[in-house]
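Asks: As input, take coords-v8.txt (compact mmCIF, C-alpha atoms):
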```
# COMPACT_ATOMS: atom_id res chain seq x y z
CA MET K 1 250.61 85.17 53.86
CA MET K 2 251.05 87.83 56.45
CA GLY K 3 253.32 86.98 59.40
CA LYS K 4 252.86 83.22 59.08
CA GLU K 5 256.00 81.37 58.08
CA LYS K 6 255.77 78.37 55.83
CA LYS K 7 254.66 75.16 57.50
CA THR K 8 257.12 72.35 58.09
CA ASN K 9 256.57 68.97 56.48
CA SER K 10 255.57 67.61 59.90
CA GLU K 11 252.91 70.30 60.25
CA LEU K 12 251.61 69.60 56.73
CA ILE K 13 251.37 65.89 57.56
CA ILE K 14 249.56 66.66 60.83
CA ASP K 15 247.12 68.86 58.90
CA THR K 16 246.44 65.89 56.62
CA LEU K 17 245.88 63.58 59.62
CA ARG K 18 243.47 66.17 61.03
CA SER K 19 241.20 65.36 58.06
CA GLY K 20 239.96 62.51 60.26
CA LYS K 21 240.61 59.78 57.70
CA ALA K 22 242.81 56.72 58.19
CA LEU K 23 245.47 57.19 55.52
CA ARG K 24 248.44 55.30 54.12
CA SER K 25 251.71 57.14 53.50
CA PRO K 26 251.16 57.36 49.70
CA ASP K 27 247.76 59.02 50.35
CA ILE K 28 249.30 61.42 52.85
CA THR K 29 252.13 62.22 50.42
CA SER K 30 249.74 63.13 47.60
CA MET K 31 247.44 65.13 49.92
CA VAL K 32 250.39 67.11 51.36
CA ALA K 33 251.68 67.82 47.84
CA GLU K 34 248.23 68.89 46.68
CA ASN K 35 247.46 71.08 49.72
CA SER K 36 250.87 72.75 49.95
CA GLY K 37 252.03 72.84 46.36
CA LYS K 38 255.29 71.33 47.64
CA ASP K 39 256.98 68.41 45.97
CA ILE K 40 257.47 65.94 48.80
CA LYS K 41 258.96 62.45 48.61
CA ILE K 42 257.15 59.43 50.01
CA GLN K 43 260.34 58.41 51.88
CA ASP K 44 260.31 61.76 53.68
CA VAL K 45 256.65 61.32 54.62
CA ALA K 46 257.29 57.75 55.81
CA SER K 47 260.24 58.92 57.90
CA ILE K 48 258.23 61.75 59.49
CA LEU K 49 255.26 59.43 60.13
CA ALA K 50 257.61 56.99 61.87
CA LYS K 51 258.60 59.80 64.24
CA LEU K 52 255.11 61.25 64.69
CA SER K 53 253.58 57.88 65.53
CA ASN K 54 256.31 56.93 68.05
CA SER K 55 255.56 58.16 71.58
CA ASN K 56 259.24 57.66 72.48
CA LYS K 57 260.19 60.29 69.88
CA CYS K 58 257.38 62.82 70.39
CA ASP K 59 254.29 63.20 72.57
CA LEU K 60 251.96 63.31 69.57
CA GLY K 61 252.83 59.62 69.10
CA TYR K 62 250.39 58.80 71.91
CA LEU K 63 247.56 60.23 69.82
CA VAL K 64 248.48 58.85 66.38
CA LYS K 65 246.98 55.45 65.61
CA LYS K 66 249.15 53.26 63.41
CA GLN K 67 247.33 50.15 62.23
CA LYS K 68 248.69 47.37 60.07
CA THR K 69 246.48 46.40 57.14
CA ASP K 70 247.01 44.03 54.25
CA ARG K 71 248.10 47.07 52.19
CA GLY K 72 250.54 48.49 54.73
CA TYR K 73 250.11 50.79 57.72
CA VAL K 74 247.33 53.35 57.98
CA TYR K 75 247.67 56.40 60.20
CA SER K 76 245.00 58.48 61.89
CA LEU K 77 244.54 60.67 64.93
CA VAL K 78 242.44 59.42 67.83
CA LYS K 79 239.12 61.26 67.81
CA GLU K 80 239.83 63.05 71.11
CA ALA K 81 242.90 64.70 69.49
CA PHE K 82 240.55 66.84 67.39
CA ASN K 83 239.81 68.90 70.54
CA LEU K 84 243.35 70.30 70.21
CA THR K 85 244.02 73.26 67.96
CA PRO K 86 246.43 72.64 65.05
CA GLU K 87 249.07 74.71 66.88
CA GLN K 88 248.69 72.64 70.06
CA THR K 89 249.01 69.49 67.98
CA TYR K 90 252.19 70.81 66.32
CA ASP K 91 253.65 71.65 69.74
CA LEU K 92 253.24 68.03 70.87
CA THR K 93 255.84 67.07 68.25
CA ARG K 94 258.49 69.30 69.84
CA LYS K 95 260.63 68.36 72.83
CA THR K 96 261.62 71.96 73.62
CA GLY K 97 260.51 75.48 72.91
CA LYS K 98 259.40 78.55 74.77
CA ASN K 99 255.69 78.58 75.63
CA ARG K 100 255.03 75.33 73.80
CA PHE K 101 251.89 73.36 74.59
CA THR K 102 252.94 70.21 76.48
CA MET K 103 251.31 66.81 76.92
CA GLU K 104 250.80 67.61 80.62
CA GLU K 105 248.78 70.71 79.64
CA ALA K 106 246.85 68.69 77.07
CA LEU K 107 245.96 66.08 79.70
CA ARG K 108 244.81 68.78 82.14
CA LYS K 109 242.75 70.57 79.51
CA TYR K 110 241.42 67.41 77.80
CA PRO K 111 241.26 64.56 80.38
CA SER K 112 239.79 62.22 77.72
CA LEU K 113 243.32 61.96 76.26
CA LYS K 114 244.64 60.28 79.44
CA LYS K 115 243.56 56.80 78.37
CA TYR K 116 245.88 56.94 75.33
CA VAL K 117 248.88 58.16 77.28
CA LYS K 118 248.33 55.79 80.20
CA SER K 119 247.78 52.71 78.03
CA ALA K 120 250.74 53.56 75.78
CA ARG K 121 253.03 54.24 78.74
CA SER K 122 252.07 51.00 80.49
CA LYS K 123 252.54 49.07 77.21
CA ALA K 124 255.92 50.72 76.74
CA SER K 125 257.07 49.84 80.25
CA SER K 126 255.97 46.22 79.85
CA LYS K 127 257.76 46.09 76.47
CA GLN K 128 260.90 47.56 78.05
CA GLN K 129 260.72 44.98 80.85
CA SER K 130 260.20 42.21 78.32
CA ALA K 131 263.06 43.54 76.17
CA ARG K 132 265.31 43.62 79.23
CA SER K 133 264.44 40.02 80.10
CA THR K 134 264.93 38.94 76.49
CA LYS K 135 268.27 40.75 76.42
CA ARG K 136 269.34 39.13 79.69
CA ALA K 137 268.31 35.73 78.38
CA SER K 138 270.20 36.21 75.14
CA THR K 139 273.50 37.52 76.46
CA GLY K 140 275.04 34.08 76.20
CA SER K 141 277.05 32.15 78.74
CA ALA K 142 277.72 35.21 80.90
CA SER K 143 274.16 35.01 82.20
CA HIS K 144 273.24 31.40 81.53
CA HIS K 145 270.12 30.50 83.48
CA SER K 146 268.77 27.02 83.81
CA ARG K 147 265.47 26.13 85.37
CA GLU K 148 262.94 23.41 85.05
CA ILE K 149 259.57 24.37 83.69
CA SER K 150 256.52 22.32 82.92
CA GLY K 151 255.15 21.93 79.39
CA GLU K 152 252.30 24.27 80.35
CA SER K 153 254.72 26.96 81.55
CA LEU K 154 256.75 26.61 78.36
CA THR K 155 253.57 27.12 76.34
CA ASP K 156 252.81 30.26 78.39
CA VAL K 157 256.33 31.64 77.92
CA LEU K 158 256.33 30.95 74.19
CA GLY K 159 252.81 32.39 73.84
CA GLU K 160 253.92 35.57 75.58
CA LEU K 161 256.98 35.77 73.31
CA VAL K 162 254.81 35.41 70.19
CA ARG K 163 252.39 38.11 71.48
CA GLU K 164 255.32 40.44 72.15
CA ILE K 165 256.73 39.85 68.67
CA THR K 166 253.30 40.47 67.13
CA ASP K 167 252.86 43.69 69.16
CA GLN K 168 256.27 44.87 67.94
CA GLY K 169 255.19 44.31 64.34
CA GLY K 170 257.50 41.35 63.88
CA LEU K 171 261.12 41.04 64.86
CA ASN K 172 264.26 39.34 63.66
CA ILE K 173 265.38 37.35 66.66
CA ASN K 174 268.04 34.71 67.10
CA VAL K 175 267.19 32.43 69.98
CA ASN K 176 269.22 29.50 71.18
CA LEU K 177 267.06 27.09 73.13
CA THR K 178 268.36 23.92 74.68
CA VAL K 179 265.80 21.49 76.01
CA ASN K 180 266.82 18.51 78.14
CA PHE K 181 264.26 15.85 78.89
CA LYS K 182 264.73 13.97 82.15
CA GLY K 183 263.68 10.39 82.39
CA LEU K 184 263.89 9.59 78.68
CA GLY K 185 266.38 7.12 77.29
CA GLY K 186 269.26 6.19 79.53
CA GLY K 187 269.48 9.49 81.44
```
Please rewrite the model in this file as structure tokens.
Replies:
Amino acid sequence: MMGKEKKTNSELIIDTLRSGKALRSPDITSMVAENSGKDIKIQDVASILAKLSNSNKCDLGYLVKKQKTDRGYVYSLVKEAFNLTPEQTYDLTRKTGKNRFTMEEALRKYPSLKKYVKSARSKASSKQQSARSTKRASTGSASHHSREISGESLTDVLGELVREITDQGGLNINVNLTVNFKGLGGG
């Protein structure tokens, strides 16, 4: 290998995702081991995949599809990401670096990628807003809010909460809910 340093585990995983298949972490682990001759642990692959598929951690996360199946998550690149060279794809995992290829450059060069970045960014901002409201609502007596809502509104609020939890992949949440009914009994 003349002049080319060894690839990082992230780069080897990206190469595997560039195969175009939707793969689970055990498949990716065995393909990386086979293609590189490196002994790599599934925990390491899972950890790297968690970073690569998270747009808050690296820009490539916008272009990695992570889908839940009955056998666990499968990972793949969106088809428009195959327009990028492997080196450009690797650069999208880095936050810094001289002359690195940035998401802004990718969007200028390949406008078809915009839909993934825009939809992910708008989802993220609505999740952040929702998380902020959930946090405000759960901070206890310091920010105790009381308001009357109809049964229909309650259904809408709870439906939105369930959708949010589903989108997040399930959450462990402690919620204290007090419901007072007016006009029932002696009150």
Asks: Extract, using all atoms listed in the file, all DNA, RNA and protein residues at most 12 Å from segment 102-119 of chain K, discarding same-chain residues fewer than 2 positions from it, and format them as a ChimeraX atom specification.
Replies: /K:54-56,58-65,77-85,87-100,121-126
Asks: How would the residues just picked look written out with C-alpha atoms as a PDB file, in the coordinates of the input?
Replies:
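Heads up, here's the output in again-v4.pdb:
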```pdb
ATOM      1  CA  ASN K  54     256.310  56.930  68.050  1.00  0.00           C
ATOM      2  CA  SER K  55     255.560  58.160  71.580  1.00  0.00           C
ATOM      3  CA  ASN K  56     259.240  57.660  72.480  1.00  0.00           C
ATOM      4  CA  CYS K  58     257.380  62.820  70.390  1.00  0.00           C
ATOM      5  CA  ASP K  59     254.290  63.200  72.570  1.00  0.00           C
ATOM      6  CA  LEU K  60     251.960  63.310  69.570  1.00  0.00           C
ATOM      7  CA  GLY K  61     252.830  59.620  69.100  1.00  0.00           C
ATOM      8  CA  TYR K  62     250.390  58.800  71.910  1.00  0.00           C
ATOM      9  CA  LEU K  63     247.560  60.230  69.820  1.00  0.00           C
ATOM     10  CA  VAL K  64     248.480  58.850  66.380  1.00  0.00           C
ATOM     11  CA  LYS K  65     246.980  55.450  65.610  1.00  0.00           C
ATOM     12  CA  LEU K  77     244.540  60.670  64.930  1.00  0.00           C
ATOM     13  CA  VAL K  78     242.440  59.420  67.830  1.00  0.00           C
ATOM     14  CA  LYS K  79     239.120  61.260  67.810  1.00  0.00           C
ATOM     15  CA  GLU K  80     239.830  63.050  71.110  1.00  0.00           C
ATOM     16  CA  ALA K  81     242.900  64.700  69.490  1.00  0.00           C
ATOM     17  CA  PHE K  82     240.550  66.840  67.390  1.00  0.00           C
ATOM     18  CA  ASN K  83     239.810  68.900  70.540  1.00  0.00           C
ATOM     19  CA  LEU K  84     243.350  70.300  70.210  1.00  0.00           C
ATOM     20  CA  THR K  85     244.020  73.260  67.960  1.00  0.00           C
ATOM     21  CA  GLU K  87     249.070  74.710  66.880  1.00  0.00           C
ATOM     22  CA  GLN K  88     248.690  72.640  70.060  1.00  0.00           C
ATOM     23  CA  THR K  89     249.010  69.490  67.980  1.00  0.00           C
ATOM     24  CA  TYR K  90     252.190  70.810  66.320  1.00  0.00           C
ATOM     25  CA  ASP K  91     253.650  71.650  69.740  1.00  0.00           C
ATOM     26  CA  LEU K  92     253.240  68.030  70.870  1.00  0.00           C
ATOM     27  CA  THR K  93     255.840  67.070  68.250  1.00  0.00           C
ATOM     28  CA  ARG K  94     258.490  69.300  69.840  1.00  0.00           C
ATOM     29  CA  LYS K  95     260.630  68.360  72.830  1.00  0.00           C
ATOM     30  CA  THR K  96     261.620  71.960  73.620  1.00  0.00           C
ATOM     31  CA  GLY K  97     260.510  75.480  72.910  1.00  0.00           C
ATOM     32  CA  LYS K  98     259.400  78.550  74.770  1.00  0.00           C
ATOM     33  CA  ASN K  99     255.690  78.580  75.630  1.00  0.00           C
ATOM     34  CA  ARG K 100     255.030  75.330  73.800  1.00  0.00           C
ATOM     35  CA  ARG K 121     253.030  54.240  78.740  1.00  0.00           C
ATOM     36  CA  SER K 122     252.070  51.000  80.490  1.00  0.00           C
ATOM     37  CA  LYS K 123     252.540  49.070  77.210  1.00  0.00           C
ATOM     38  CA  ALA K 124     255.920  50.720  76.740  1.00  0.00           C
ATOM     39  CA  SER K 125     257.070  49.840  80.250  1.00  0.00           C
ATOM     40  CA  SER K 126     255.970  46.220  79.850  1.00  0.00           C
TER      41      SER K 126
END
```
Asks: Using atom CA of Gly37 of chain K and atom CA of Pro86 of chain K as the two end points, give the distance in Å to one decimal.
Replies: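 It comes out at 19.5 Å.
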Asks: Could you give me the centre and size, in Å to one decimal, of an axis-aligned box around all listed atoms of segment 52-56 of chain K with 3 Å added on every side, as JSON?
Replies:
```
{"center_x": 256.4, "center_y": 59.1, "center_z": 68.6, "size_x": 11.7, "size_y": 10.3, "size_z": 13.8}
```
Asks: What is the atom CA of Tyr75 of chain K to atom CA of Thr8 of chain K distance in Å?
Replies: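 Interatomic distance, atom CA of Tyr75 of chain K to atom CA of Thr8 of chain K: 18.7 Å.
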Asks: Take atom CA of Asp70 of chain K and atom CA of Ile28 of chain K and report the distance between them in Å, one decimal.
Replies: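 Straight-line distance from atom CA of Asp70 of chain K to atom CA of Ile28 of chain K works out to 17.6 Å.
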